[in-house]
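Dumped coords_23.cif below, it's mmCIF, C-alpha atoms and all ligand atoms:
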```cif
data_input
#
loop_
_atom_site.group_PDB
_atom_site.id
_atom_site.type_symbol
_atom_site.label_atom_id
_atom_site.label_comp_id
_atom_site.auth_asym_id
_atom_site.auth_seq_id
_atom_site.Cartn_x
_atom_site.Cartn_y
_atom_site.Cartn_z
ATOM 1 C CA MET A 1 226.097 9.190 40.923
ATOM 2 C CA LYS A 2 224.691 11.891 38.661
ATOM 3 C CA ASN A 3 226.442 13.035 35.502
ATOM 4 C CA LEU A 4 228.988 15.576 36.669
ATOM 5 C CA LYS A 5 229.639 17.177 33.294
ATOM 6 C CA GLY A 6 228.218 20.533 32.253
ATOM 7 C CA ILE A 7 227.510 23.899 33.813
ATOM 8 C CA PHE A 8 227.855 24.179 37.593
ATOM 9 C CA SER A 9 227.185 27.345 39.546
ATOM 10 C CA ALA A 10 229.634 27.967 42.346
ATOM 11 C CA LEU A 11 226.908 28.596 44.868
ATOM 12 C CA LEU A 12 226.685 31.998 46.542
ATOM 13 C CA VAL A 13 225.475 32.128 50.140
ATOM 14 C CA SER A 14 223.125 34.764 51.476
ATOM 15 C CA PHE A 15 224.179 36.239 54.814
ATOM 16 C CA ASN A 16 222.241 38.483 57.153
ATOM 17 C CA GLU A 17 223.740 41.835 58.087
ATOM 18 C CA ASP A 18 225.124 40.307 61.317
ATOM 19 C CA GLY A 19 226.958 37.633 59.287
ATOM 20 C CA SER A 20 224.636 34.722 60.099
ATOM 21 C CA ILE A 21 223.353 32.509 57.279
ATOM 22 C CA ASN A 22 220.088 33.666 55.707
ATOM 23 C CA GLU A 23 218.481 30.290 55.029
ATOM 24 C CA LYS A 24 215.499 31.653 53.149
ATOM 25 C CA GLY A 25 217.781 33.697 50.900
ATOM 26 C CA LEU A 26 220.111 30.743 50.321
ATOM 27 C CA ARG A 27 217.165 28.613 49.251
ATOM 28 C CA GLN A 28 216.101 31.348 46.832
ATOM 29 C CA ILE A 29 219.592 31.461 45.293
ATOM 30 C CA ILE A 30 219.483 27.683 44.812
ATOM 31 C CA ARG A 31 216.038 27.864 43.203
ATOM 32 C CA HIS A 32 217.160 30.685 40.917
ATOM 33 C CA ASN A 33 220.110 28.583 39.745
ATOM 34 C CA ILE A 34 218.036 25.475 39.111
ATOM 35 C CA ASP A 35 214.844 27.055 37.746
ATOM 36 C CA LYS A 36 216.137 30.139 35.897
ATOM 37 C CA MET A 37 219.805 29.503 35.139
ATOM 38 C CA LYS A 38 219.061 25.848 34.314
ATOM 39 C CA VAL A 39 222.419 24.700 35.657
ATOM 40 C CA ASP A 40 223.446 21.052 35.592
ATOM 41 C CA GLY A 41 224.753 21.226 39.108
ATOM 42 C CA LEU A 42 225.927 23.217 42.097
ATOM 43 C CA TYR A 43 229.399 23.481 43.570
ATOM 44 C CA VAL A 44 228.704 24.062 47.247
ATOM 45 C CA GLY A 45 231.231 25.433 49.738
ATOM 46 C CA GLY A 46 233.659 27.000 47.299
ATOM 47 C CA SER A 47 235.343 30.378 47.274
ATOM 48 C CA THR A 48 232.086 31.843 45.990
ATOM 49 C CA GLY A 49 230.290 30.468 49.046
ATOM 50 C CA GLU A 50 232.739 32.560 51.153
ATOM 51 C CA ASN A 51 233.545 29.189 52.659
ATOM 52 C CA PHE A 52 236.953 29.903 54.134
ATOM 53 C CA MET A 53 235.470 32.488 56.496
ATOM 54 C CA LEU A 54 232.903 30.094 57.993
ATOM 55 C CA SER A 55 232.805 27.736 60.960
ATOM 56 C CA THR A 56 232.514 23.968 60.529
ATOM 57 C CA GLU A 57 228.901 24.075 61.724
ATOM 58 C CA GLU A 58 228.021 26.803 59.249
ATOM 59 C CA LYS A 59 229.608 24.820 56.401
ATOM 60 C CA LYS A 60 227.505 21.805 57.397
ATOM 61 C CA GLN A 61 224.377 23.930 57.575
ATOM 62 C CA ILE A 62 224.968 25.120 53.999
ATOM 63 C CA PHE A 63 225.541 21.554 52.726
ATOM 64 C CA ARG A 64 222.330 20.502 54.465
ATOM 65 C CA ILE A 65 220.214 23.360 53.110
ATOM 66 C CA ALA A 66 221.575 22.963 49.564
ATOM 67 C CA LYS A 67 220.787 19.249 49.489
ATOM 68 C CA ASP A 68 217.379 19.767 51.052
ATOM 69 C CA GLU A 69 216.453 22.441 48.501
ATOM 70 C CA ALA A 70 218.001 20.866 45.391
ATOM 71 C CA LYS A 71 217.036 17.301 46.297
ATOM 72 C CA ASP A 72 217.978 15.189 43.264
ATOM 73 C CA GLN A 73 217.176 17.851 40.685
ATOM 74 C CA VAL A 74 220.799 18.658 39.861
ATOM 75 C CA ALA A 75 224.227 17.186 40.581
ATOM 76 C CA LEU A 76 225.861 18.363 43.789
ATOM 77 C CA ILE A 77 229.562 18.713 44.556
ATOM 78 C CA ALA A 78 230.684 19.554 48.101
ATOM 79 C CA GLN A 79 233.917 21.488 48.488
ATOM 80 C CA VAL A 80 235.274 20.264 51.832
ATOM 81 C CA GLY A 81 238.927 21.275 51.599
ATOM 82 C CA SER A 82 240.560 22.947 54.563
ATOM 83 C CA VAL A 83 244.056 23.337 55.997
ATOM 84 C CA ASN A 84 242.530 21.536 58.953
ATOM 85 C CA LEU A 85 242.518 17.973 57.589
ATOM 86 C CA LYS A 86 240.293 16.743 60.423
ATOM 87 C CA GLU A 87 237.717 19.346 59.446
ATOM 88 C CA ALA A 88 237.957 18.317 55.772
ATOM 89 C CA VAL A 89 237.301 14.682 56.734
ATOM 90 C CA GLU A 90 234.412 15.620 59.024
ATOM 91 C CA LEU A 91 232.800 17.737 56.300
ATOM 92 C CA GLY A 92 233.476 15.060 53.702
ATOM 93 C CA LYS A 93 231.720 12.421 55.810
ATOM 94 C CA TYR A 94 228.830 14.773 56.405
ATOM 95 C CA ALA A 95 228.336 15.649 52.715
ATOM 96 C CA THR A 96 228.711 12.003 51.720
ATOM 97 C CA GLU A 97 225.965 10.978 54.152
ATOM 98 C CA LEU A 98 223.755 13.725 52.731
ATOM 99 C CA GLY A 99 224.170 12.148 49.302
ATOM 100 C CA TYR A 100 226.497 14.578 47.507
ATOM 101 C CA ASP A 101 227.625 13.131 44.177
ATOM 102 C CA SER A 102 231.266 14.006 44.707
ATOM 103 C CA LEU A 103 233.554 15.825 47.070
ATOM 104 C CA SER A 104 236.080 18.404 46.005
ATOM 105 C CA ALA A 105 238.923 19.784 48.072
ATOM 106 C CA VAL A 106 241.098 22.815 47.552
ATOM 107 C CA THR A 107 244.823 22.048 47.653
ATOM 108 C CA PRO A 108 245.961 22.692 51.229
ATOM 109 C CA PHE A 109 247.299 26.245 51.397
ATOM 110 C CA TYR A 110 249.107 28.823 53.546
ATOM 111 C CA TYR A 111 251.960 26.523 54.634
ATOM 112 C CA LYS A 112 254.277 25.339 51.897
ATOM 113 C CA PHE A 113 253.106 21.724 51.948
ATOM 114 C CA SER A 114 255.251 19.221 50.051
ATOM 115 C CA PHE A 115 253.665 17.157 47.310
ATOM 116 C CA PRO A 116 253.689 13.973 49.450
ATOM 117 C CA GLU A 117 251.807 15.951 52.102
ATOM 118 C CA ILE A 118 249.282 17.141 49.530
ATOM 119 C CA LYS A 119 248.849 13.590 48.255
ATOM 120 C CA HIS A 120 248.364 12.301 51.804
ATOM 121 C CA TYR A 121 245.661 14.955 52.337
ATOM 122 C CA TYR A 122 243.642 13.746 49.334
ATOM 123 C CA GLU A 123 244.209 10.068 50.103
ATOM 124 C CA THR A 124 243.018 10.598 53.687
ATOM 125 C CA ILE A 125 239.799 12.370 52.706
ATOM 126 C CA ILE A 126 239.017 9.676 50.108
ATOM 127 C CA ALA A 127 239.822 6.765 52.441
ATOM 128 C CA GLU A 128 237.785 8.212 55.316
ATOM 129 C CA THR A 129 234.715 9.117 53.244
ATOM 130 C CA GLY A 130 234.701 6.571 50.403
ATOM 131 C CA ASN A 131 233.412 9.324 48.109
ATOM 132 C CA ASN A 132 234.758 10.621 44.801
ATOM 133 C CA MET A 133 237.168 13.523 44.777
ATOM 134 C CA ILE A 134 237.712 16.486 42.464
ATOM 135 C CA VAL A 135 241.000 18.284 43.047
ATOM 136 C CA TYR A 136 240.377 22.029 43.367
ATOM 137 C CA SER A 137 243.395 23.767 41.881
ATOM 138 C CA ILE A 138 243.411 27.548 42.172
ATOM 139 C CA PRO A 139 247.080 28.587 42.224
ATOM 140 C CA PHE A 140 246.430 32.342 42.077
ATOM 141 C CA LEU A 141 244.798 32.213 45.517
ATOM 142 C CA THR A 142 246.602 29.260 47.123
ATOM 143 C CA GLY A 143 250.100 29.610 45.628
ATOM 144 C CA VAL A 144 250.030 25.824 45.090
ATOM 145 C CA ASN A 145 251.048 24.610 41.622
ATOM 146 C CA ILE A 146 250.647 20.942 40.727
ATOM 147 C CA GLY A 147 252.555 19.665 37.696
ATOM 148 C CA VAL A 148 251.571 17.063 35.096
ATOM 149 C CA GLU A 149 253.411 14.167 36.787
ATOM 150 C CA GLN A 150 252.034 15.113 40.188
ATOM 151 C CA PHE A 151 248.489 15.079 38.812
ATOM 152 C CA GLY A 152 249.356 11.589 37.541
ATOM 153 C CA GLU A 153 250.263 10.575 41.101
ATOM 154 C CA LEU A 154 246.916 11.843 42.418
ATOM 155 C CA TYR A 155 245.067 10.268 39.491
ATOM 156 C CA LYS A 156 246.381 6.794 40.372
ATOM 157 C CA ASN A 157 243.492 6.688 42.814
ATOM 158 C CA PRO A 158 240.396 5.878 40.722
ATOM 159 C CA LYS A 159 238.250 7.876 43.149
ATOM 160 C CA VAL A 160 239.940 11.054 41.918
ATOM 161 C CA LEU A 161 237.647 12.054 39.069
ATOM 162 C CA GLY A 162 239.653 15.024 37.854
ATOM 163 C CA VAL A 163 240.355 18.671 38.555
ATOM 164 C CA LYS A 164 238.550 21.946 38.867
ATOM 165 C CA PHE A 165 241.074 23.986 36.957
ATOM 166 C CA THR A 166 240.944 27.647 37.991
ATOM 167 C CA ALA A 167 243.980 28.854 36.095
ATOM 168 C CA GLY A 168 244.890 30.449 32.804
ATOM 169 C CA ASP A 169 247.710 28.018 32.077
ATOM 170 C CA PHE A 170 246.383 26.491 28.873
ATOM 171 C CA TYR A 171 249.629 24.665 28.152
ATOM 172 C CA LEU A 172 249.209 22.749 31.418
ATOM 173 C CA LEU A 173 245.545 22.162 30.617
ATOM 174 C CA GLU A 174 246.440 20.738 27.190
ATOM 175 C CA ARG A 175 249.129 18.500 28.728
ATOM 176 C CA LEU A 176 246.627 17.183 31.277
ATOM 177 C CA ARG A 177 244.029 16.476 28.600
ATOM 178 C CA LYS A 178 246.631 14.577 26.564
ATOM 179 C CA ALA A 179 248.182 12.649 29.461
ATOM 180 C CA TYR A 180 244.968 11.726 31.307
ATOM 181 C CA PRO A 181 242.122 11.743 28.754
ATOM 182 C CA GLU A 182 239.902 9.643 31.023
ATOM 183 C CA LYS A 183 240.043 12.212 33.848
ATOM 184 C CA LEU A 184 237.549 15.077 33.913
ATOM 185 C CA VAL A 185 238.346 18.792 33.909
ATOM 186 C CA TRP A 186 236.042 21.600 34.994
ATOM 187 C CA ALA A 187 237.063 25.095 33.896
ATOM 188 C CA GLY A 188 237.165 27.571 36.775
ATOM 189 C CA PHE A 189 237.538 30.927 35.038
ATOM 190 C CA ASP A 190 234.241 31.988 33.481
ATOM 191 C CA GLU A 191 235.980 34.626 31.352
ATOM 192 C CA MET A 192 238.158 31.946 29.699
ATOM 193 C CA MET A 193 235.482 29.457 28.748
ATOM 194 C CA VAL A 194 236.067 29.467 24.991
ATOM 195 C CA PRO A 195 239.754 28.479 25.222
ATOM 196 C CA ALA A 196 239.039 25.974 28.012
ATOM 197 C CA ALA A 197 236.166 24.358 26.115
ATOM 198 C CA SER A 198 238.301 24.296 22.950
ATOM 199 C CA LEU A 199 240.781 22.172 24.878
ATOM 200 C CA GLY A 200 238.050 19.710 25.720
ATOM 201 C CA VAL A 201 237.105 20.408 29.321
ATOM 202 C CA HIS A 202 234.027 18.473 30.419
ATOM 203 C CA GLY A 203 232.356 21.167 32.448
ATOM 204 C CA ALA A 204 232.703 24.552 34.068
ATOM 205 C CA ILE A 205 232.215 25.778 37.625
ATOM 206 C CA GLY A 206 231.703 29.494 38.035
ATOM 207 C CA SER A 207 230.505 32.272 40.287
ATOM 208 C CA THR A 208 229.021 34.385 37.497
ATOM 209 C CA PHE A 209 226.780 31.502 36.380
ATOM 210 C CA ASN A 210 224.536 32.468 39.332
ATOM 211 C CA VAL A 211 223.374 35.338 37.081
ATOM 212 C CA ASN A 212 224.849 34.610 33.642
ATOM 213 C CA GLY A 213 224.318 30.842 33.514
ATOM 214 C CA LEU A 214 222.338 30.862 30.277
ATOM 215 C CA ARG A 215 225.112 32.587 28.329
ATOM 216 C CA ALA A 216 227.689 30.296 29.928
ATOM 217 C CA ARG A 217 225.855 27.264 28.595
ATOM 218 C CA GLN A 218 225.654 28.797 25.109
ATOM 219 C CA ILE A 219 229.393 29.505 25.072
ATOM 220 C CA PHE A 220 230.197 26.016 26.296
ATOM 221 C CA GLU A 221 227.914 24.166 23.914
ATOM 222 C CA LEU A 222 228.759 26.276 20.853
ATOM 223 C CA THR A 223 232.478 25.730 21.438
ATOM 224 C CA GLN A 224 231.959 22.008 21.895
ATOM 225 C CA ALA A 225 230.051 21.975 18.592
ATOM 226 C CA GLY A 226 232.975 23.710 16.842
ATOM 227 C CA GLN A 227 231.132 27.027 16.446
ATOM 228 C CA VAL A 228 233.949 28.977 18.026
ATOM 229 C CA LYS A 229 233.249 32.277 16.260
ATOM 230 C CA GLU A 230 229.667 32.316 17.562
ATOM 231 C CA ALA A 231 230.834 31.260 21.019
ATOM 232 C CA LEU A 232 233.401 34.032 21.075
ATOM 233 C CA GLU A 233 230.783 36.657 20.339
ATOM 234 C CA ILE A 234 228.868 35.582 23.444
ATOM 235 C CA GLN A 235 232.127 35.386 25.411
ATOM 236 C CA HIS A 236 232.838 39.015 24.494
ATOM 237 C CA VAL A 237 229.491 40.159 25.913
ATOM 238 C CA THR A 238 229.981 37.923 28.943
ATOM 239 C CA ASN A 239 233.418 39.362 29.571
ATOM 240 C CA ASP A 240 232.116 42.938 29.388
ATOM 241 C CA LEU A 241 229.749 41.887 32.176
ATOM 242 C CA ILE A 242 232.455 40.038 34.150
ATOM 243 C CA GLU A 243 234.836 42.982 33.814
ATOM 244 C CA GLY A 244 232.156 45.227 35.261
ATOM 245 C CA ILE A 245 231.403 42.776 38.076
ATOM 246 C CA LEU A 246 235.070 42.357 39.018
ATOM 247 C CA ALA A 247 235.670 46.123 39.060
ATOM 248 C CA ASN A 248 232.634 46.674 41.300
ATOM 249 C CA GLY A 249 233.329 43.850 43.810
ATOM 250 C CA LEU A 250 232.804 40.238 42.733
ATOM 251 C CA TYR A 251 230.425 38.483 45.137
ATOM 252 C CA LEU A 252 228.777 41.649 46.374
ATOM 253 C CA THR A 253 227.842 42.721 42.836
ATOM 254 C CA ILE A 254 226.481 39.299 41.871
ATOM 255 C CA LYS A 255 224.369 39.409 45.033
ATOM 256 C CA GLU A 256 223.021 42.855 44.176
ATOM 257 C CA ILE A 257 222.165 41.678 40.653
ATOM 258 C CA LEU A 258 220.267 38.749 42.166
ATOM 259 C CA LYS A 259 218.389 41.091 44.505
ATOM 260 C CA LEU A 260 217.221 43.093 41.481
ATOM 261 C CA GLN A 261 215.537 39.865 40.334
ATOM 262 C CA GLY A 262 213.774 39.314 43.646
ATOM 263 C CA VAL A 263 216.312 36.866 45.095
ATOM 264 C CA ASP A 264 217.239 37.686 48.691
ATOM 265 C CA ALA A 265 220.989 37.202 48.177
ATOM 266 C CA GLY A 266 221.813 39.189 51.308
ATOM 267 C CA TYR A 267 225.170 40.501 52.423
ATOM 268 C CA CYS A 268 228.743 39.229 52.253
ATOM 269 C CA ARG A 269 230.638 37.838 55.186
ATOM 270 C CA GLU A 270 233.243 39.930 56.989
ATOM 271 C CA PRO A 271 236.164 40.452 56.733
ATOM 272 C CA MET A 272 234.881 40.931 53.183
ATOM 273 C CA THR A 273 232.968 44.178 52.855
ATOM 274 C CA ALA A 274 229.482 43.074 53.826
ATOM 275 C CA LYS A 275 227.345 45.808 52.351
ATOM 276 C CA ALA A 276 227.440 47.577 49.003
ATOM 277 C CA THR A 277 227.946 51.324 48.890
ATOM 278 C CA GLU A 278 225.466 53.532 47.061
ATOM 279 C CA ALA A 279 227.873 53.743 44.103
ATOM 280 C CA GLN A 280 228.214 49.934 43.980
ATOM 281 C CA LEU A 281 224.430 49.561 44.009
ATOM 282 C CA VAL A 282 224.079 51.981 41.117
ATOM 283 C CA ARG A 283 226.745 50.148 39.120
ATOM 284 C CA ALA A 284 225.184 46.733 39.829
ATOM 285 C CA LYS A 285 221.868 48.042 38.529
ATOM 286 C CA GLU A 286 223.536 49.371 35.378
ATOM 287 C CA LEU A 287 225.199 46.008 34.745
ATOM 288 C CA TYR A 288 221.938 44.174 35.305
ATOM 289 C CA GLU A 289 220.052 46.451 32.932
ATOM 290 C CA GLN A 290 222.737 46.404 30.262
ATOM 291 C CA PHE A 291 223.506 42.680 30.243
ATOM 292 C CA LEU A 292 220.868 40.615 31.975
ATOM 293 C CA LYS A 293 217.451 42.199 31.715
HETATM 294 C C1 LIG B 1 234.409 28.483 43.796
HETATM 295 O O1 LIG B 1 235.281 27.843 44.402
HETATM 296 O O2 LIG B 1 233.482 29.025 44.359
HETATM 297 C C2 LIG B 1 234.443 28.644 42.322
HETATM 298 O O3 LIG B 1 234.611 27.468 41.720
HETATM 299 C C3 LIG B 1 235.403 29.647 41.951
HETATM 300 C C4 LIG B 1 235.295 30.045 40.490
HETATM 301 O O4 LIG B 1 236.319 29.405 39.791
HETATM 302 C C5 LIG B 1 235.417 31.526 40.459
HETATM 303 N N1 LIG B 1 236.683 31.896 41.051
HETATM 304 C C6 LIG B 1 236.746 32.746 42.073
HETATM 305 O O5 LIG B 1 235.801 33.387 42.482
HETATM 306 C C7 LIG B 1 238.083 32.900 42.707
HETATM 307 C C8 LIG B 1 235.232 32.097 39.068
HETATM 308 O O6 LIG B 1 233.920 31.829 38.692
HETATM 309 C C9 LIG B 1 235.491 33.616 39.047
HETATM 310 O O7 LIG B 1 234.761 34.248 40.067
HETATM 311 C C10 LIG B 1 235.113 34.237 37.717
HETATM 312 O O8 LIG B 1 235.728 33.557 36.670
HETATM 313 C C11 LIG B 1 235.505 35.723 37.695
HETATM 314 O O9 LIG B 1 236.903 35.859 37.683
#
```

Take the structure from the file and write it as structure tokens.
Amino acid sequence: MKNLKGIFSALLVSFNEDGSINEKGLRQIIRHNIDKMKVDGLYVGGSTGENFMLSTEEKKQIFRIAKDEAKDQVALIAQVGSVNLKEAVELGKYATELGYDSLSAVTPFYYKFSFPEIKHYYETIIAETGNNMIVYSIPFLTGVNIGVEQFGELYKNPKVLGVKFTAGDFYLLERLRKAYPEKLVWAGFDEMMVPAASLGVHGAIGSTFNVNGLRARQIFELTQAGQVKEALEIQHVTNDLIEGILANGLYLTIKEILKLQGVDAGYCREPMTAKATEAQLVRAKELYEQFLK
């Protein structure tokens, strides 16, 4: 298994205008992340990959293309979580056979699953695949909150490496670091990297790293080295960019910024708005020129 610490881009997927996967464009996004953004790894099949709007076959196709393009150049994590546990297991087996370094699975959402049900979900995916697991906790989208003791229950399984922590609850993050120092944490909010890194997270997984990966690494490494003031200065610039991206449409704007650099990042997948308006294109260009050129 590769080292799973460091900067991971949550991989964007390029779609054609009809919603089908643009393989050539996806390969270009992967190359851009590895060659230009110099990321340590890719988180494939996450929210940023518009994963929850895709069919099982499409998810497999993306895992296959990402592994084929990245080979062993960077670490690869496959997000296989689904409210359909059979699908999660099928995807987990598939990504494991492809050689992904770890699986990750979003907490099952929509229904109000009990904690024993959530635990059973993770235990099943691990038992069926034999691979490592990173819990993907993103309460603002799933409504699922896992407490310190419940993390301890999940962490009893040594295959559970840790959590991708997409939340602003730094008290919970501190409690987790104290209670389970041997378990890994990946920060999930790019705009909160300084506080997360100050609390000793081991890595970060983010959508904006697809275009702002170099600054992300600087923020992370400066904070780790105790140079928080310097890190914060770069975080301020980064957050001006992220604020602009969020206001203009998250994935769509990152894709347009990639296109300005010759990467065929394509369209988004409906029901998300697939195509940028003229005003969104203009704003994406402004953000690119102001922050990334
Ligand atoms: C993923 O699952 O694709 C990512 O890990 C998600 C990642 O945490 C991003 N969250 C979402 O897009 C919901 C962040 O990078 C986020 O986009 C960024 O911090 C801007 O808010």

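Take atom CA of A:Glu182 and atom CA of A:Gly213: the distance between them is 26.4 Å.
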
Test item: residues at most 12 Å from A:Arg175, all atoms listed in the file, excluding those fewer than 5 positions along its chain, as a PyMOL selection string: chain A and resi 147-149+151-152+169-170+180-181+185+199-200

- Task: Report as a ChimeraX atom specification the residues that result from applying the PyMOL selection byres (((not hetatm)) within 9 of (chain B and resi 1)) to the structure here.
- Result: /A:8-12,43-51,79,106,136,138,140-141,164-167,187-193,204-209,242-243,245-246,250-251

Each side padded by 8 Å, which centre and which edge lengths in Å (one decimal) define the axis-aligned box around the listed atoms of stretch 153-172 of chain A? Give them as AutoDock Vina command-line options.
```
--center_x 244.0 --center_y 18.2 --center_z 35.7 --size_x 28.6 --size_y 40.6 --size_z 31.0
```

**Study point:** Explicit residue set for the PyMOL selection byres (((chain A and resi 88-103) around 7) and not hetatm), as a VMD selection string
**Key:** chain A and resid 1 to 2 60 63 75 to 82 84 to 87 104 to 105 125 128 to 129 131 to 134

Kindly save the residues from that selection, with C-alpha atoms included, as a PDB file, keeping the file's coordinate frame.
```pdb
ATOM      1  CA  MET A   1     226.097   9.190  40.923  1.00  0.00           C
ATOM      2  CA  LYS A   2     224.691  11.891  38.661  1.00  0.00           C
ATOM      3  CA  LYS A  60     227.505  21.805  57.397  1.00  0.00           C
ATOM      4  CA  PHE A  63     225.541  21.554  52.726  1.00  0.00           C
ATOM      5  CA  ALA A  75     224.227  17.186  40.581  1.00  0.00           C
ATOM      6  CA  LEU A  76     225.861  18.363  43.789  1.00  0.00           C
ATOM      7  CA  ILE A  77     229.562  18.713  44.556  1.00  0.00           C
ATOM      8  CA  ALA A  78     230.684  19.554  48.101  1.00  0.00           C
ATOM      9  CA  GLN A  79     233.917  21.488  48.488  1.00  0.00           C
ATOM     10  CA  VAL A  80     235.274  20.264  51.832  1.00  0.00           C
ATOM     11  CA  GLY A  81     238.927  21.275  51.599  1.00  0.00           C
ATOM     12  CA  SER A  82     240.560  22.947  54.563  1.00  0.00           C
ATOM     13  CA  ASN A  84     242.530  21.536  58.953  1.00  0.00           C
ATOM     14  CA  LEU A  85     242.518  17.973  57.589  1.00  0.00           C
ATOM     15  CA  LYS A  86     240.293  16.743  60.423  1.00  0.00           C
ATOM     16  CA  GLU A  87     237.717  19.346  59.446  1.00  0.00           C
ATOM     17  CA  SER A 104     236.080  18.404  46.005  1.00  0.00           C
ATOM     18  CA  ALA A 105     238.923  19.784  48.072  1.00  0.00           C
ATOM     19  CA  ILE A 125     239.799  12.370  52.706  1.00  0.00           C
ATOM     20  CA  GLU A 128     237.785   8.212  55.316  1.00  0.00           C
ATOM     21  CA  THR A 129     234.715   9.117  53.244  1.00  0.00           C
ATOM     22  CA  ASN A 131     233.412   9.324  48.109  1.00  0.00           C
ATOM     23  CA  ASN A 132     234.758  10.621  44.801  1.00  0.00           C
ATOM     24  CA  MET A 133     237.168  13.523  44.777  1.00  0.00           C
ATOM     25  CA  ILE A 134     237.712  16.486  42.464  1.00  0.00           C
TER      26      ILE A 134
END
```
